[in-house]
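Chemist: Take this structure first; my questions come after.
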Amino acid sequence: MKEVVVTGLGIVSPIGQSAAEVLDHLLEVRSGIGLWSAAGHKKTFPAGLVTGDFDSAFERKDLPYLDRLTKLGVAAADQALADSGLPSNLAELDLRAGVFAGTVCGGTDTQCQWLRDYSVEGKQTARPFTIMAGMHNAPTAWISIRHQIAGPVITHTAACASSGAAIGEAMRWIRHGDLDVAIAGGGEAALIPPFMGAWDGLRALAPPDPDDVGRSCRPFSRNRSGLVLAEGAVFFVLESAEHALARGARILATLSGYGIACDAYHVGAPHSRGQTAAVAAALRDAGLQPAELSYINAHATATATGDPVEVASLRGALGAAADDIPVSSTKAQHGHMLGAASAMELAVCLLAMQHDFLPATAFLDEIDPACPLRHVPAVAERDVQIRHTLSLSAGFGGTNVALVLSKR
């Protein structure tokens, strides 16, 4: 069983488009949540928006094939590969490489544009490249083409645990000796009216905070009002430690544990059974006792039912250590990135470990008594040595993923 290490990180998110920018937002506890609106849509919502135009990174002839999801994903993967010190064209090296990514919706904007053209404009035939731009595996395909990765190229869809499953499965391929390198993570770019309206139908979205829209997402808070959707992409370069050391790579951390389990309970309501099992499996995989964890980044979406269930799950998995292990949810700053959520929150864990701080749950002024944990409220705690971190993600359908990072 090979040790799996992280050698590269790429982030395109509402709180920064590089690790340095994200770190600054986390340390200063600044929100990246703004106000989303669209022509013809009567409601406005808080959302984690990514600014900028990514078209310039592609040849003009390729743009018709590219949904926004693919543009964000490729940008994050490019950044991660550059950070790792590996060449852009991996075919130049004699190695076995793969791409693993998670997404909930695939190319949503492309899909919805064709539905508008068909149902409103009366068009009978789509643009030639609609299928390729809208498919779920478009980001993994483009990453493999761009960087000449000819090994397994796999897309995972497990709701909000999608990128966690992608990272965990990439880890297994390397651990068992089937790959040397993997680009693993996920993305989402679905902040368009039909999708926002679908989520609004769940009655789960937070309204804009009347005083400051950036404070609209308040996990674990007594006065939380719902989740805030976001877009973005996050990718890691994973390698066997053997391969990384042989090429003199900078090692950021060891990916030491992966647990995945299903609630087998309800398609839309969480249950502690699966979450507790995922956390326990990740700790077992990492060879750790609960008390050895230094920090946990919780899934906590700021919904009325979801947060207390997760607290019960953590307490069930951690036992007495649950009173001492610092826990926060950074969704208060970057929102819920859906298919990219697991990857984003693992990136937060990595930055916390590298820079010796505990990320805060922003705007947590009054902790809900139904959520008893060792919270990190409102302000990041600095100068804290972090040895092992755990990130937990829970998705509709009941799939839960826990990942453990360890300092090497």
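Residue numbering restarts at 1 in every chain; chains get A, B, ... in the order shown in the structure tokens, and ligands count up from 1 in that same order.
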Name the residues of range 99-273 of chain A that fall into strand (DSSP E or B) according to DSSP on the backbone, using the chain letters and numbers of this document, as a ChimeraX atom specification.
Modeler: /A:99-102,153-156,158,160,181-188,205,221,227,229-230,232-240,253-262
Chemist: Got a sec: who's within 7 Å of range 86-93 of chain A, counting only C-alpha atoms, leaving out chain neighbours fewer than 3 positions off, as number ranges by chain?
Modeler: A: 81-82, 147-149
Chemist: Keeping only C-alpha atoms, write the selected residues to a file as a compact mmCIF listing (two decimals), in the first residue's frame.
Modeler:
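Result file follows (part-v8.txt):
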```
# COMPACT_ATOMS: atom_id res chain seq x y z
CA LEU A 81 -0.51 21.00 -12.20
CA ALA A 82 1.65 24.13 -12.36
CA HIS A 147 -2.46 17.58 -20.41
CA GLN A 148 -2.25 14.33 -22.43
CA ILE A 149 -3.41 12.05 -19.63
```
Chemist: Between A:Pro219, A:Gly306, A:Leu314, A:Thr110, single out the one closest to Ala378 in chain A, counting only C-alpha atoms.
Modeler: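 Checking each of A:Pro219, A:Gly306, A:Leu314, A:Thr110 against Ala378 in chain A, counting only C-alpha atoms, the winner is A:Pro219.
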Chemist: For a quick check of understanding, using only C-alpha atoms, which of A:Ser329, A:Gly85, A:Pro372, A:Asp94 has the smallest distance to Ser313 in chain A?
Modeler: A:Pro372
Chemist: Check the smallest atom-to-atom distance from each of A:Lys331, A:Arg127, A:Arg273, A:Lys71 to Gly187 in chain A using only C-alpha atoms, then report the winner.
Modeler: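 Going through A:Lys331, A:Arg127, A:Arg273, A:Lys71 one by one, the smallest distance to Gly187 in chain A is for A:Lys71.
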Chemist: Please provide as a PyMOL selection string all residues within 9 Å of Gly134 in chain A, with the sequence filter that same-chain residues fewer than 2 positions apart are discarded (counting only C-alpha atoms).
Modeler: chain A and resi 65-67+106-111+129-132+136-138
Chemist: Can you list, as a PyMOL selection string, every protein, DNA or RNA residue that comes within 7 Å of Ile260 in chain A when you count only C-alpha atoms, leaving out same-chain residues fewer than 4 positions away?
Modeler: chain A and resi 278+400-402
Chemist: Quick one: write out the picked residues with N, CA and C atoms as a PDB file, in the first residue's frame?
Modeler:
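And here's result.pdb as it stands now:
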```pdb
ATOM      1  N   ALA A 278     -18.985   7.101   7.703  1.00  0.00           N
ATOM      2  CA  ALA A 278     -17.957   7.659   6.827  1.00  0.00           C
ATOM      3  C   ALA A 278     -16.790   8.213   7.628  1.00  0.00           C
ATOM      4  N   ASN A 400     -22.136   9.947   1.821  1.00  0.00           N
ATOM      5  CA  ASN A 400     -21.282  10.762   2.681  1.00  0.00           C
ATOM      6  C   ASN A 400     -19.826  10.384   2.454  1.00  0.00           C
ATOM      7  N   VAL A 401     -18.957  11.397   2.432  1.00  0.00           N
ATOM      8  CA  VAL A 401     -17.529  11.162   2.240  1.00  0.00           C
ATOM      9  C   VAL A 401     -16.752  11.931   3.304  1.00  0.00           C
ATOM     10  N   ALA A 402     -15.794  11.256   3.929  1.00  0.00           N
ATOM     11  CA  ALA A 402     -14.862  11.897   4.855  1.00  0.00           C
ATOM     12  C   ALA A 402     -13.444  11.665   4.341  1.00  0.00           C
TER      13      ALA A 402
END
```
Chemist: Would you give me, as a Markdown table, each residue of range 102-181 of chain A having an atom within 12 Å of an atom of range 266-270 of chain A, along with its shortest atom pair and that distance in Å to one decimal, using only C-alpha atoms and sorting by chain and residue number?
Modeler:
```
| residue | atom | partner | partner_atom | distance |
| --- | --- | --- | --- | --- |
| A:Ala158 | CA | A:Val267 | CA | 11.6 |
| A:Ala159 | CA | A:Gly268 | CA | 10.6 |
| A:Cys160 | CA | A:Gly268 | CA | 11.8 |
```
Chemist: Excluding Ser216 in chain A and residues on its chain fewer than 6 positions from it, collect all residues at most 9 Å away from it, counting only C-alpha atoms, and give them as a list in words.
Modeler: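 My reading of the contact set: Ile33, Pro46, Ala47, Ala206, Pro207, Pro208, Asp209, Pro210, Arg224, Ser225, Gly226, Leu227, Val228, Ala332 and Phe363 of chain A.
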Chemist: Select, from A:Ala317, A:Leu350, A:Cys217, A:Ala165, the residue with the minimum atom-to-atom distance to His334 in chain A, counting only C-alpha atoms.
Modeler: A:Cys217
